[in-house]
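File shown here: structure_20.cif, holding mmCIF, N, CA and C atoms.
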```cif
data_data
#
loop_
_atom_site.label_atom_id
_atom_site.label_comp_id
_atom_site.auth_asym_id
_atom_site.auth_seq_id
_atom_site.Cartn_x
_atom_site.Cartn_y
_atom_site.Cartn_z
N MET E 180 0.82 -1.18 0.00
CA MET E 180 0.00 0.00 0.00
C MET E 180 0.87 1.26 0.00
N ARG E 181 1.99 1.23 0.71
CA ARG E 181 2.87 2.39 0.74
C ARG E 181 3.48 2.64 -0.63
N ARG E 182 3.78 1.56 -1.34
CA ARG E 182 4.36 1.72 -2.68
C ARG E 182 3.35 2.39 -3.61
N LEU E 183 2.10 1.97 -3.53
CA LEU E 183 1.07 2.54 -4.39
C LEU E 183 0.90 4.04 -4.10
N THR E 184 0.90 4.40 -2.82
CA THR E 184 0.78 5.81 -2.44
C THR E 184 1.98 6.60 -2.95
N ALA E 185 3.16 6.01 -2.83
CA ALA E 185 4.36 6.69 -3.32
C ALA E 185 4.30 6.87 -4.83
N TRP E 186 3.85 5.86 -5.56
CA TRP E 186 3.74 5.96 -7.02
C TRP E 186 2.73 7.03 -7.41
N ILE E 187 1.60 7.06 -6.77
CA ILE E 187 0.57 8.05 -7.09
C ILE E 187 1.08 9.46 -6.78
N GLY E 188 1.73 9.63 -5.65
CA GLY E 188 2.29 10.93 -5.30
C GLY E 188 3.37 11.37 -6.27
N GLY E 189 4.21 10.43 -6.68
CA GLY E 189 5.26 10.76 -7.64
C GLY E 189 4.70 11.17 -8.99
N ILE E 190 3.69 10.45 -9.45
CA ILE E 190 3.08 10.78 -10.73
C ILE E 190 2.39 12.14 -10.66
N ALA E 191 1.65 12.38 -9.57
CA ALA E 191 0.97 13.68 -9.42
C ALA E 191 1.98 14.82 -9.37
N GLY E 192 3.06 14.62 -8.65
CA GLY E 192 4.10 15.65 -8.59
C GLY E 192 4.74 15.90 -9.94
N GLY E 193 4.95 14.82 -10.69
CA GLY E 193 5.52 14.95 -12.02
C GLY E 193 4.60 15.72 -12.96
N VAL E 194 3.31 15.44 -12.89
CA VAL E 194 2.34 16.15 -13.74
C VAL E 194 2.33 17.63 -13.39
N VAL E 195 2.32 17.95 -12.12
CA VAL E 195 2.32 19.35 -11.69
C VAL E 195 3.59 20.04 -12.15
N ALA E 196 4.73 19.40 -11.98
CA ALA E 196 5.99 20.00 -12.40
C ALA E 196 6.01 20.20 -13.92
N TYR E 197 5.52 19.22 -14.67
CA TYR E 197 5.49 19.34 -16.13
C TYR E 197 4.62 20.50 -16.55
N ARG E 198 3.43 20.62 -15.96
CA ARG E 198 2.53 21.73 -16.33
C ARG E 198 3.15 23.07 -15.98
N PHE E 199 3.78 23.16 -14.84
CA PHE E 199 4.43 24.41 -14.45
C PHE E 199 5.54 24.77 -15.43
N TRP E 200 6.38 23.79 -15.76
CA TRP E 200 7.48 24.02 -16.70
C TRP E 200 6.94 24.39 -18.06
N ARG E 201 5.92 23.68 -18.52
CA ARG E 201 5.36 23.92 -19.84
C ARG E 201 4.74 25.31 -19.92
N ARG E 202 4.01 25.72 -18.89
CA ARG E 202 3.39 27.03 -18.88
C ARG E 202 4.45 28.12 -18.90
N ARG E 203 5.47 27.94 -18.10
CA ARG E 203 6.53 28.95 -18.03
C ARG E 203 7.31 29.00 -19.34
N HIS E 204 7.60 27.85 -19.90
CA HIS E 204 8.35 27.77 -21.15
C HIS E 204 7.53 28.38 -22.29
N THR E 205 6.24 28.13 -22.31
CA THR E 205 5.38 28.65 -23.36
C THR E 205 5.27 30.16 -23.25
N GLN E 206 5.18 30.70 -22.06
CA GLN E 206 5.07 32.14 -21.89
C GLN E 206 6.33 32.84 -22.34
N VAL E 207 7.47 32.29 -22.01
CA VAL E 207 8.74 32.91 -22.36
C VAL E 207 8.94 32.89 -23.86
N VAL E 208 8.63 31.77 -24.52
CA VAL E 208 8.84 31.63 -25.95
C VAL E 208 7.78 32.39 -26.73
N ALA E 209 6.51 32.32 -26.30
CA ALA E 209 5.41 32.89 -27.05
C ALA E 209 5.37 34.41 -26.97
N GLU E 210 5.87 34.99 -25.89
CA GLU E 210 5.79 36.44 -25.73
C GLU E 210 7.11 37.09 -26.10
N PRO E 211 7.19 37.66 -27.30
CA PRO E 211 8.41 38.39 -27.65
C PRO E 211 8.49 39.67 -26.82
N ALA E 212 9.62 40.30 -26.88
CA ALA E 212 9.80 41.52 -26.09
C ALA E 212 8.72 42.52 -26.46
N ALA E 213 7.93 42.88 -25.48
CA ALA E 213 6.82 43.79 -25.73
C ALA E 213 7.33 45.22 -25.81
N GLU E 214 6.81 45.94 -26.82
CA GLU E 214 7.17 47.35 -26.96
C GLU E 214 6.25 48.14 -26.04
N PRO E 215 6.76 49.22 -25.49
CA PRO E 215 5.90 50.00 -24.60
C PRO E 215 4.72 50.57 -25.39
N ALA E 216 3.56 50.55 -24.77
CA ALA E 216 2.36 51.06 -25.42
C ALA E 216 2.44 52.57 -25.55
N PRO E 217 1.94 53.09 -26.65
CA PRO E 217 1.96 54.55 -26.79
C PRO E 217 1.05 55.17 -25.75
N PRO E 218 1.40 56.34 -25.27
CA PRO E 218 0.57 56.96 -24.24
C PRO E 218 -0.80 57.28 -24.82
N SER E 219 -1.82 56.96 -24.03
CA SER E 219 -3.19 57.21 -24.49
C SER E 219 -3.49 58.70 -24.32
N PRO E 220 -4.29 59.23 -25.19
CA PRO E 220 -4.63 60.65 -25.05
C PRO E 220 -5.42 60.87 -23.78
N SER E 221 -5.12 61.95 -23.10
CA SER E 221 -5.80 62.20 -21.83
C SER E 221 -7.22 62.68 -22.11
N PRO E 222 -8.19 62.09 -21.42
CA PRO E 222 -9.57 62.50 -21.63
C PRO E 222 -9.81 63.89 -21.06
N GLU E 223 -10.90 64.48 -21.48
CA GLU E 223 -11.25 65.80 -20.97
C GLU E 223 -11.60 65.68 -19.49
N PRO E 224 -11.42 66.75 -18.74
CA PRO E 224 -11.75 66.68 -17.30
C PRO E 224 -13.19 66.24 -17.11
N ALA E 225 -13.35 65.31 -16.21
CA ALA E 225 -14.68 64.78 -15.93
C ALA E 225 -15.02 65.04 -14.47
N GLU E 226 -16.15 64.52 -14.05
CA GLU E 226 -16.60 64.70 -12.68
C GLU E 226 -15.60 64.10 -11.69
N SER E 227 -15.01 62.95 -12.05
CA SER E 227 -14.06 62.31 -11.16
C SER E 227 -12.83 63.17 -10.95
N ASP E 228 -12.44 63.95 -11.99
CA ASP E 228 -11.30 64.84 -11.84
C ASP E 228 -11.61 65.96 -10.86
N GLU E 229 -12.86 66.42 -10.86
CA GLU E 229 -13.24 67.47 -9.93
C GLU E 229 -13.17 66.95 -8.50
N ARG E 230 -13.64 65.73 -8.31
CA ARG E 230 -13.59 65.14 -6.96
C ARG E 230 -12.14 64.91 -6.54
N ALA E 231 -11.31 64.52 -7.49
CA ALA E 231 -9.91 64.30 -7.17
C ALA E 231 -9.25 65.61 -6.76
N GLU E 232 -9.60 66.68 -7.45
CA GLU E 232 -9.03 67.98 -7.11
C GLU E 232 -9.48 68.41 -5.71
N GLU E 233 -10.75 68.15 -5.37
CA GLU E 233 -11.24 68.48 -4.04
C GLU E 233 -10.47 67.71 -2.98
N LEU E 234 -10.23 66.43 -3.23
CA LEU E 234 -9.47 65.62 -2.27
C LEU E 234 -8.05 66.13 -2.12
N ARG E 235 -7.44 66.53 -3.21
CA ARG E 235 -6.08 67.07 -3.14
C ARG E 235 -6.04 68.33 -2.27
N GLU E 236 -7.06 69.18 -2.44
CA GLU E 236 -7.11 70.40 -1.63
C GLU E 236 -7.28 70.06 -0.15
N LYS E 237 -8.14 69.10 0.15
CA LYS E 237 -8.34 68.69 1.55
C LYS E 237 -7.06 68.13 2.14
N LEU E 238 -6.34 67.33 1.35
CA LEU E 238 -5.07 66.78 1.85
C LEU E 238 -4.06 67.88 2.11
N ALA E 239 -4.00 68.86 1.22
CA ALA E 239 -3.07 69.97 1.40
C ALA E 239 -3.41 70.74 2.67
N GLU E 240 -4.71 70.97 2.92
CA GLU E 240 -5.11 71.67 4.13
C GLU E 240 -4.76 70.87 5.38
N ALA E 241 -4.97 69.57 5.32
CA ALA E 241 -4.67 68.73 6.47
C ALA E 241 -3.17 68.74 6.77
N ARG E 242 -2.38 68.73 5.73
CA ARG E 242 -0.92 68.76 5.94
C ARG E 242 -0.50 70.06 6.58
N VAL E 243 -1.11 71.15 6.15
CA VAL E 243 -0.76 72.46 6.71
C VAL E 243 -1.15 72.52 8.17
N GLU E 244 -2.32 71.95 8.52
CA GLU E 244 -2.78 71.97 9.90
C GLU E 244 -1.89 71.13 10.81
N ASP E 245 -1.33 70.04 10.28
CA ASP E 245 -0.49 69.16 11.10
C ASP E 245 0.86 69.77 11.40
N GLU E 246 1.34 70.64 10.54
CA GLU E 246 2.66 71.23 10.75
C GLU E 246 2.57 72.31 11.82
N PRO E 247 3.54 72.35 12.73
CA PRO E 247 3.52 73.40 13.75
C PRO E 247 3.86 74.75 13.11
N SER E 248 3.21 75.78 13.60
CA SER E 248 3.50 77.11 13.04
C SER E 248 4.85 77.57 13.59
N PRO E 249 5.51 78.44 12.86
CA PRO E 249 6.83 78.91 13.32
C PRO E 249 6.75 79.66 14.64
N ALA E 250 5.59 80.24 14.98
CA ALA E 250 5.47 81.00 16.22
C ALA E 250 5.38 80.08 17.44
N GLU E 251 4.92 78.84 17.23
CA GLU E 251 4.79 77.92 18.35
C GLU E 251 6.16 77.35 18.71
N PRO E 252 6.48 77.31 20.01
CA PRO E 252 7.76 76.72 20.38
C PRO E 252 7.72 75.21 20.18
N VAL E 253 8.75 74.69 19.59
CA VAL E 253 8.83 73.26 19.35
C VAL E 253 9.73 72.65 20.42
N GLU E 254 9.19 71.65 21.13
CA GLU E 254 9.98 71.03 22.18
C GLU E 254 11.07 70.18 21.55
N PRO E 255 12.27 70.21 22.11
CA PRO E 255 13.34 69.38 21.55
C PRO E 255 13.02 67.90 21.75
N PRO E 256 13.45 67.06 20.84
CA PRO E 256 13.17 65.63 21.01
C PRO E 256 13.86 65.08 22.25
N GLU E 257 13.25 64.06 22.79
CA GLU E 257 13.78 63.42 23.99
C GLU E 257 15.16 62.84 23.68
N ALA E 258 16.08 62.99 24.58
CA ALA E 258 17.42 62.45 24.36
C ALA E 258 17.33 60.93 24.22
N VAL E 259 18.19 60.39 23.40
CA VAL E 259 18.16 58.96 23.12
C VAL E 259 18.37 58.15 24.39
N GLU E 260 19.31 58.55 25.21
CA GLU E 260 19.61 57.80 26.44
C GLU E 260 18.42 57.84 27.40
N GLU E 261 17.78 59.00 27.50
CA GLU E 261 16.62 59.11 28.38
C GLU E 261 15.48 58.22 27.89
N ARG E 262 15.25 58.24 26.60
CA ARG E 262 14.18 57.42 26.03
C ARG E 262 14.48 55.93 26.22
N ARG E 263 15.75 55.54 26.01
CA ARG E 263 16.13 54.14 26.18
C ARG E 263 15.89 53.71 27.61
N GLN E 264 16.25 54.54 28.56
CA GLN E 264 16.08 54.23 29.97
C GLN E 264 14.60 54.09 30.32
N ARG E 265 13.76 55.01 29.79
CA ARG E 265 12.33 54.97 30.07
C ARG E 265 11.71 53.69 29.52
N VAL E 266 12.06 53.33 28.30
CA VAL E 266 11.51 52.12 27.69
C VAL E 266 11.98 50.89 28.46
N HIS E 267 13.23 50.90 28.88
CA HIS E 267 13.79 49.79 29.65
C HIS E 267 13.01 49.60 30.96
N GLU E 268 12.72 50.70 31.63
CA GLU E 268 11.97 50.62 32.88
C GLU E 268 10.54 50.14 32.65
N GLU E 269 9.90 50.60 31.57
CA GLU E 269 8.55 50.14 31.25
C GLU E 269 8.54 48.64 30.97
N GLY E 270 9.57 48.16 30.32
CA GLY E 270 9.66 46.73 30.03
C GLY E 270 9.80 45.91 31.31
N HIS E 271 10.63 46.39 32.21
CA HIS E 271 10.79 45.70 33.49
C HIS E 271 9.49 45.70 34.28
N ALA E 272 8.76 46.82 34.25
CA ALA E 272 7.49 46.90 34.96
C ALA E 272 6.48 45.91 34.37
N ALA E 273 6.47 45.79 33.04
CA ALA E 273 5.55 44.85 32.40
C ALA E 273 5.92 43.42 32.76
N LEU E 274 7.20 43.11 32.83
CA LEU E 274 7.63 41.76 33.21
C LEU E 274 7.25 41.46 34.65
N ASP E 275 7.41 42.45 35.51
CA ASP E 275 7.03 42.24 36.92
C ASP E 275 5.54 41.96 37.06
N GLU E 276 4.71 42.62 36.23
CA GLU E 276 3.27 42.39 36.29
C GLU E 276 2.92 40.98 35.81
N MET E 277 3.68 40.44 34.88
CA MET E 277 3.38 39.13 34.32
C MET E 277 3.84 37.97 35.20
N LYS E 278 4.79 38.23 36.08
CA LYS E 278 5.31 37.16 36.93
C LYS E 278 4.26 36.73 37.93
N PRO E 279 4.09 35.41 38.08
CA PRO E 279 3.13 34.95 39.09
C PRO E 279 3.70 35.17 40.49
N ASP E 280 2.81 35.38 41.44
CA ASP E 280 3.24 35.60 42.82
C ASP E 280 3.69 34.33 43.47
#
```
Any chance you could put this one into structure tokens?
Amino acid sequence: MRRLTAWIGGIAGGVVAYRFWRRRHTQVVAEPAAEPAPPSPSPEPAESDERAEELREKLAEARVEDEPSPAEPVEPPEAVEERRQRVHEEGHAALDEMKPD
């Protein structure tokens, strides 16, 4: 029974490998180097273009709102060593919480 299963598996694997090889070989041979398609003429502005322009304006406004104004003081970034120490302590605290009593 094991031999029969091995034979069936081998034949199925061979068929799959042959089909894969044949498909790949056919695609490579059948498809000559494709020339780039000429650029299509751009259609006249449509309703979707108007909506796209509205979205672009909204995105531009959102970006401006996210940026701090030059008049606002910008806090300096946390020093690397201080941040590393803080994260290290938070990790230890989390481990202590997970330990059973």
Point to revise | Straight-line distance linking atom CA of E:Arg201 with atom CA of E:Trp186, stated in Å to one decimal | key: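 Separation between atom CA of E:Arg201 and atom CA of E:Trp186: 22.1 Å.
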Exercise for review: Quick one: pull the distance between atom N of E:Leu183 and atom CA of E:Arg198, Å, one decimal.
Suggested key: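 Interatomic distance here is 23.5 Å.
Across the model, the gap from atom CA of E:Met277 to atom CA of E:Arg263 is 21.3 Å.
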